[in-house]
>>> print(open('start-v6.pdb').read())   # PDB, C-alpha atoms
ATOM      1  CA  MET A1320      30.700 -10.263 -11.836
ATOM      2  CA  LEU A1321      32.413  -7.008 -12.772
ATOM      3  CA  LYS A1322      31.905  -5.459 -16.177
ATOM      4  CA  LYS A1323      32.498  -2.191 -17.953
ATOM      5  CA  VAL A1324      29.332  -0.402 -19.113
ATOM      6  CA  ARG A1325      28.172   2.984 -20.271
ATOM      7  CA  ILE A1326      25.483   4.788 -18.322
ATOM      8  CA  GLU A1327      23.265   7.693 -19.188
ATOM      9  CA  ILE A1328      22.201   9.989 -16.359
ATOM     10  CA  ILE A1329      19.367  12.463 -16.798
ATOM     11  CA  THR A1330      18.344  14.840 -14.029
ATOM     12  CA  ASP A1331      15.782  17.587 -13.750
ATOM     13  CA  ARG A1332      16.225  19.853 -10.711
ATOM     14  CA  PHE A1333      14.234  22.772  -9.409
ATOM     15  CA  GLU A1334      13.696  24.628  -6.165
ATOM     16  CA  ALA A1335      11.306  22.974  -3.746
ATOM     17  CA  LYS A1336       8.821  24.971  -1.707
ATOM     18  CA  GLY A1337       9.294  24.705   2.029
ATOM     19  CA  SER A1338      11.971  23.108   4.178
ATOM     20  CA  LEU A1339      12.527  19.437   4.963
ATOM     21  CA  TYR A1340      13.844  20.513   8.360
ATOM     22  CA  GLU A1341      10.674  22.435   9.220
ATOM     23  CA  VAL A1342       8.118  19.860   8.087
ATOM     24  CA  PRO A1343       7.312  17.434  10.927
ATOM     25  CA  THR A1344       8.293  13.810  10.376
ATOM     26  CA  GLY A1345       5.476  12.026   8.586
ATOM     27  CA  GLN A1346       4.359  15.159   6.721
ATOM     28  CA  LEU A1347       5.528  15.977   3.222
ATOM     29  CA  LEU A1348       6.488  19.015   1.216
ATOM     30  CA  PRO A1349       3.927  19.769  -1.517
ATOM     31  CA  ALA A1350       4.336  17.559  -4.570
ATOM     32  CA  PRO A1351       5.768  19.554  -7.501
ATOM     33  CA  GLU A1352       2.819  18.494  -9.679
ATOM     34  CA  ASN A1353       0.473  20.158  -7.192
ATOM     35  CA  ASP A1354       2.336  23.472  -7.226
ATOM     36  CA  PRO A1355       0.175  26.157  -8.839
ATOM     37  CA  ASP A1356       3.321  28.209  -9.583
ATOM     38  CA  GLN A1357       4.701  26.367 -12.622
ATOM     39  CA  SER A1358       6.979  29.291 -13.540
ATOM     40  CA  GLN A1359      10.002  27.871 -11.725
ATOM     41  CA  GLU A1360      13.069  27.149 -13.804
ATOM     42  CA  THR A1361      14.193  23.558 -14.217
ATOM     43  CA  GLU A1362      17.877  22.704 -14.479
ATOM     44  CA  HIS A1363      18.117  19.822 -16.973
ATOM     45  CA  MET A1364      21.306  17.770 -17.304
ATOM     46  CA  GLU A1365      22.158  14.736 -19.437
ATOM     47  CA  MET A1366      25.473  12.929 -19.522
ATOM     48  CA  THR A1367      26.798   9.587 -20.707
ATOM     49  CA  VAL A1368      29.859   8.149 -18.976
ATOM     50  CA  GLU A1369      31.812   4.933 -18.689
ATOM     51  CA  ALA A1370      31.096   3.013 -15.492
ATOM     52  CA  SER A1371      31.820  -0.245 -13.740
ATOM     53  CA  TYR A1372      28.923  -2.563 -12.916
ATOM     54  CA  HIS A1373      29.596  -4.969 -10.064
ATOM     55  CA  ASP A1374      27.150  -7.698  -9.030
ATOM     56  CA  ASP A1375      28.413 -10.043  -6.302
ATOM     57  CA  GLY A1376      25.129 -11.942  -6.059
ATOM     58  CA  HIS A1377      23.978  -9.942  -3.020
ATOM     59  CA  ARG A1378      24.696  -6.321  -3.910
ATOM     60  CA  VAL A1379      24.827  -4.316  -7.153
ATOM     61  CA  CYS A1380      27.140  -1.305  -7.408
ATOM     62  CA  ILE A1381      27.514   1.074 -10.352
ATOM     63  CA  ARG A1382      30.572   3.326 -10.074
ATOM     64  CA  TYR A1383      31.473   6.241 -12.338
ATOM     65  CA  LYS A1384      33.596   9.379 -12.456
ATOM     66  CA  GLU A1385      31.744  12.673 -12.341
ATOM     67  CA  SER A1386      32.351  15.161 -15.120
ATOM     68  CA  GLU A1387      32.586  18.922 -15.319
ATOM     69  CA  LEU A1388      29.002  18.880 -16.593
ATOM     70  CA  SER A1389      27.724  17.626 -13.221
ATOM     71  CA  GLY A1390      29.729  20.241 -11.328
ATOM     72  CA  MET A1391      31.530  17.519  -9.368
ATOM     73  CA  GLU A1392      34.569  16.900 -11.546
ATOM     74  CA  GLY A1393      37.240  14.996  -9.626
ATOM     75  CA  SER A1394      34.687  12.919  -7.716
ATOM     76  CA  THR A1395      33.673   9.297  -8.128
ATOM     77  CA  THR A1396      30.077   8.261  -7.484
ATOM     78  CA  SER A1397      28.863   4.811  -6.439
ATOM     79  CA  VAL A1398      25.162   3.951  -6.656
ATOM     80  CA  SER A1399      24.370   0.675  -4.930
ATOM     81  CA  PHE A1400      21.615  -1.492  -3.497
ATOM     82  CA  GLN A1401      21.109  -4.871  -1.881
ATOM     83  CA  LYS A1402      19.400  -7.347  -4.192
ATOM     84  CA  ASN A1403      16.956  -8.342  -1.438
ATOM     85  CA  ASP A1404      15.825  -4.685  -0.961
ATOM     86  CA  GLN A1405      16.134  -2.896  -4.288
ATOM     87  CA  SER A1406      14.154   0.153  -3.175
ATOM     88  CA  LEU A1407      16.852   1.235  -0.673
ATOM     89  CA  ILE A1408      19.545   3.046  -2.666
ATOM     90  CA  SER A1409      22.819   4.452  -1.372
ATOM     91  CA  MET A1410      24.854   7.024  -3.272
ATOM     92  CA  LEU A1411      28.410   7.677  -2.147
ATOM     93  CA  ARG A1412      30.677  10.311  -3.635
ATOM     94  CA  ASP A1413      34.385  10.539  -2.968
ATOM     95  CA  GLY A1414      36.993  12.989  -4.220
ATOM     96  CA  SER A1415      36.549  16.746  -4.611
ATOM     97  CA  VAL A1416      32.966  16.340  -3.325
ATOM     98  CA  LYS A1417      32.143  13.788  -0.625
ATOM     99  CA  THR A1418      28.601  12.763   0.178
ATOM    100  CA  ALA A1419      26.786   9.790   1.619
ATOM    101  CA  LEU A1420      23.106   9.837   0.642
ATOM    102  CA  ILE A1421      20.355   7.311   1.322
ATOM    103  CA  PHE A1422      17.204   7.078  -0.813
ATOM    104  CA  GLU A1423      14.262   5.102   0.550
ATOM    105  CA  PRO A1424      10.688   5.661  -0.660
ATOM    106  CA  THR A1425       8.565   7.908   1.613
ATOM    107  CA  LYS A1426      11.402   8.189   4.155
ATOM    108  CA  ARG A1427      13.500  11.114   5.321
ATOM    109  CA  HIS A1428      17.199  10.504   6.041
ATOM    110  CA  LEU A1429      19.819  12.797   7.522
ATOM    111  CA  CYS A1430      23.043  12.391   5.567
ATOM    112  CA  VAL A1431      26.456  14.069   5.209
ATOM    113  CA  TYR A1432      27.946  16.497   2.668
ATOM    114  CA  GLN A1433      31.684  16.916   3.273
ATOM    115  CA  THR A1434      33.447  20.065   2.081
ATOM    116  CA  GLN A1435      37.106  21.001   2.435
ATOM    117  CA  ILE A1436      36.112  23.309   5.278
ATOM    118  CA  MET A1437      33.645  21.198   7.269
ATOM    119  CA  PRO A1438      30.848  18.640   6.975
ATOM    120  CA  PHE A1439      27.221  19.728   6.542
ATOM    121  CA  GLU A1440      24.075  17.867   7.442
ATOM    122  CA  VAL A1441      21.843  17.087   4.469
ATOM    123  CA  CYS A1442      18.227  16.013   4.658
ATOM    124  CA  VAL A1443      16.999  13.697   1.890
ATOM    125  CA  TYR A1444      13.334  12.890   1.378
ATOM    126  CA  THR A1445      12.598  10.310  -1.340
ATOM    127  CA  ARG A1446       9.158  10.338  -2.938
ATOM    128  CA  SER A1447       9.736   7.257  -5.075
ATOM    129  CA  VAL A1448      12.304   4.731  -6.287
ATOM    130  CA  ASN A1449      11.727   2.596  -9.379
ATOM    131  CA  ASN A1450      14.680   0.215  -9.539
ATOM    132  CA  CYS A1451      14.658  -1.984 -12.641
ATOM    133  CA  ILE A1452      18.457  -2.059 -13.055
ATOM    134  CA  GLU A1453      18.658  -5.843 -13.151
ATOM    135  CA  THR A1454      15.771  -6.340 -15.595
ATOM    136  CA  ASP A1455      15.663  -3.197 -17.774
ATOM    137  CA  GLY A1456      18.854  -1.340 -16.823
ATOM    138  CA  ILE A1457      16.888   1.621 -15.411
ATOM    139  CA  LEU A1458      16.856   3.339 -12.022
ATOM    140  CA  GLU A1459      14.454   6.239 -11.457
ATOM    141  CA  MET A1460      14.300   8.298  -8.270
ATOM    142  CA  ASP A1461      12.202  11.315  -7.295
ATOM    143  CA  TYR A1462      13.595  13.101  -4.240
ATOM    144  CA  THR A1463      14.207  16.370  -2.413
ATOM    145  CA  VAL A1464      17.555  17.334  -0.865
ATOM    146  CA  GLU A1465      18.247  20.220   1.494
ATOM    147  CA  LEU A1466      21.414  21.447   3.176
ATOM    148  CA  ARG A1467      20.375  23.055   6.459
ATOM    149  CA  GLY A1468      19.918  26.765   5.816
ATOM    150  CA  ALA A1469      19.815  26.471   2.011
ATOM    151  CA  GLN A1470      16.937  26.207  -0.445
ATOM    152  CA  ALA A1471      15.576  22.660  -0.816
ATOM    153  CA  GLU A1472      16.023  21.170  -4.284
ATOM    154  CA  HIS A1473      13.689  18.662  -5.909
ATOM    155  CA  THR A1474      15.309  16.198  -8.333
ATOM    156  CA  ARG A1475      14.036  13.638 -10.791
ATOM    157  CA  PHE A1476      16.926  11.265 -11.473
ATOM    158  CA  LEU A1477      17.204   8.628 -14.202
ATOM    159  CA  LEU A1478      20.166   6.279 -14.570
ATOM    160  CA  ARG A1479      20.125   3.988 -17.603
ATOM    161  CA  VAL A1480      22.693   1.241 -18.242
ATOM    162  CA  LEU A1481      23.514   1.284 -21.953
ATOM    163  CA  PRO A1482      24.744  -1.614 -24.109
ATOM    164  CA  ALA A1483      28.343  -2.718 -23.500
ATOM    165  CA  PHE A1484      31.130  -1.142 -25.556
ATOM    166  CA  ASP A1485      32.016  -4.383 -27.328
ATOM    167  CA  LYS A1486      28.481  -5.377 -28.309
ATOM    168  CA  PRO A1487      26.216  -3.784 -30.900
ATOM    169  CA  ALA A1488      23.134  -2.040 -29.553
ATOM    170  CA  THR A1489      19.947  -4.079 -29.751
ATOM    171  CA  LYS A1490      16.451  -2.724 -29.887
TER     172      LYS A1490
END
>>> encode(input="start-v6.pdb", output="structure tokens")
Amino acid sequence: MLKKVRIEIITDRFEAKGSLYEVPTGQLLPAPENDPDQSQETEHMEMTVEASYHDDGHRVCIRYKESELSGMEGSTTSVSFQKNDQSLISMLRDGSVKTALIFEPTKRHLCVYQTQIMPFEVCVYTRSVNNCIETDGILEMDYTVELRGAQAEHTRFLLRVLPAFDKPATK
């Protein structure tokens, strides 16, 4: 089944303390809630875009074009998961920005960020995934991303599937 939907994406991002590359496997960076320094600035972003929602019975994929607001204009993002393991999320971007990211609760994955000059290794540590896309239309992820040599960034990500264009909203 392929259908056209609208999605709302809300992210809150802020600098993470420490480095994913320096913390031994199995150990975690401090949780943001436990950080006594609450003075850090949060970058908040909200956008609503048209997307395609594809469910082939085994895998769900939501695909949308990035906007200028996200800083990745010219790229297309696909968020997908297998129906038999909804906590393992992949996010692929193609176009002006190319990435392949894997989100799996309490796991650290080395991924790729492709620039026009060269690819960079990216470390992704996912604190939590709450995937209720099929029942409530909501995907929530709490994760930290770090390009080697750059400041780690903690993100709280919410993707909400909104009512279809041709149907009135229901409450």
>>> closest_residue(input="start-v6.pdb", among="A:Ala1419, A:Ile1436, A:Ile1328, A:Cys1451", to="Met1366 (chain A)", atoms="only C-alpha atoms")
A:Ile1328
>>> atom_distance(input="start-v6.pdb", atom1="CA of Lys1322 (chain A)", atom2="CA of Leu1458 (chain A)")
17.9 Å
>>> residues_around(input="start-v6.pdb", residues="Gln1405 (chain A)", least_positions_apart="6", cutoff="10 Å", atoms="only C-alpha atoms", output="tab-separated table (two decimals) with C-alpha atoms, in the frame of the given file")
chain	number	residue	atom	x	y	z
A	1378	ARG	CA	24.70	-6.32	-3.91
A	1379	VAL	CA	24.83	-4.32	-7.15
A	1399	SER	CA	24.37	0.68	-4.93
A	1423	GLU	CA	14.26	5.10	0.55
A	1448	VAL	CA	12.30	4.73	-6.29
A	1449	ASN	CA	11.73	2.60	-9.38
A	1450	ASN	CA	14.68	0.22	-9.54
A	1451	CYS	CA	14.66	-1.98	-12.64
A	1452	ILE	CA	18.46	-2.06	-13.06
A	1453	GLU	CA	18.66	-5.84	-13.15
A	1458	LEU	CA	16.86	3.34	-12.02
>>> atom_distance(input="start-v6.pdb", atom1="CA of Tyr1444 (chain A)", atom2="CA of Ser1409 (chain A)")
13.0 Å
>>> closest_residue(input="start-v6.pdb", among="A:Glu1360, A:Leu1429, A:Asp1461, A:Ser1447", to="Leu1339 (chain A)", atoms="all atoms listed in the file")
A:Leu1429
>>> residues_near_point(input="start-v6.pdb", point="(30.0, -4.1, -19.5)", cutoff="8 Å", atoms="all atoms listed in the file", output="JSON, numbers by chain")
{"A": [1321, 1322, 1323, 1324, 1325, 1371, 1372, 1482, 1483, 1484]}
>>> atom_distance(input="start-v6.pdb", atom1="CA of Ala1335 (chain A)", atom2="CA of Glu1465 (chain A)")
9.1 Å
>>> decode(input="start-v6.pdb", residues="region 1378-1418 of chain A", atoms="C-alpha atoms", output="PDB file, in the first residue's frame")
ATOM      1  CA  ARG A1378       8.425  -3.028   5.854  1.00  0.00           C
ATOM      2  CA  VAL A1379       7.134   0.524   6.373  1.00  0.00           C
ATOM      3  CA  CYS A1380       8.891   3.432   4.659  1.00  0.00           C
ATOM      4  CA  ILE A1381       8.074   7.133   4.979  1.00  0.00           C
ATOM      5  CA  ARG A1382       9.807   9.277   2.351  1.00  0.00           C
ATOM      6  CA  TYR A1383       9.876  13.072   2.187  1.00  0.00           C
ATOM      7  CA  LYS A1384      11.813  15.956   0.669  1.00  0.00           C
ATOM      8  CA  GLU A1385      13.875  18.043   3.053  1.00  0.00           C
ATOM      9  CA  SER A1386      13.265  21.771   3.148  1.00  0.00           C
ATOM     10  CA  GLU A1387      15.452  24.814   3.596  1.00  0.00           C
ATOM     11  CA  LEU A1388      14.291  24.869   7.219  1.00  0.00           C
ATOM     12  CA  SER A1389      16.106  21.589   7.944  1.00  0.00           C
ATOM     13  CA  GLY A1390      19.287  22.813   6.264  1.00  0.00           C
ATOM     14  CA  MET A1391      19.203  19.877   3.842  1.00  0.00           C
ATOM     15  CA  GLU A1392      17.229  21.333   0.953  1.00  0.00           C
ATOM     16  CA  GLY A1393      17.653  19.217  -2.175  1.00  0.00           C
ATOM     17  CA  SER A1394      17.763  15.959  -0.211  1.00  0.00           C
ATOM     18  CA  THR A1395      15.155  13.247   0.183  1.00  0.00           C
ATOM     19  CA  THR A1396      14.878  11.360   3.468  1.00  0.00           C
ATOM     20  CA  SER A1397      13.510   7.845   3.956  1.00  0.00           C
ATOM     21  CA  VAL A1398      12.665   6.602   7.452  1.00  0.00           C
ATOM     22  CA  SER A1399      11.954   2.883   7.496  1.00  0.00           C
ATOM     23  CA  PHE A1400      11.627  -0.189   9.684  1.00  0.00           C
ATOM     24  CA  GLN A1401      10.777  -3.864   9.439  1.00  0.00           C
ATOM     25  CA  LYS A1402       7.365  -4.668  10.891  1.00  0.00           C
ATOM     26  CA  ASN A1403       8.811  -7.596  12.860  1.00  0.00           C
ATOM     27  CA  ASP A1404      11.411  -5.314  14.568  1.00  0.00           C
ATOM     28  CA  GLN A1405       9.926  -1.841  14.883  1.00  0.00           C
ATOM     29  CA  SER A1406      12.615  -0.579  17.257  1.00  0.00           C
ATOM     30  CA  LEU A1407      15.348  -0.767  14.575  1.00  0.00           C
ATOM     31  CA  ILE A1408      15.014   2.366  12.435  1.00  0.00           C
ATOM     32  CA  SER A1409      17.025   3.281   9.355  1.00  0.00           C
ATOM     33  CA  MET A1410      17.211   6.811   7.985  1.00  0.00           C
ATOM     34  CA  LEU A1411      18.633   7.308   4.512  1.00  0.00           C
ATOM     35  CA  ARG A1412      19.188  10.678   2.888  1.00  0.00           C
ATOM     36  CA  ASP A1413      19.994  11.162  -0.767  1.00  0.00           C
ATOM     37  CA  GLY A1414      20.633  14.311  -2.779  1.00  0.00           C
ATOM     38  CA  SER A1415      22.641  17.337  -1.647  1.00  0.00           C
ATOM     39  CA  VAL A1416      23.259  15.540   1.675  1.00  0.00           C
ATOM     40  CA  LYS A1417      23.759  11.768   1.787  1.00  0.00           C
ATOM     41  CA  THR A1418      23.617   9.803   5.006  1.00  0.00           C
TER      42      THR A1418
END
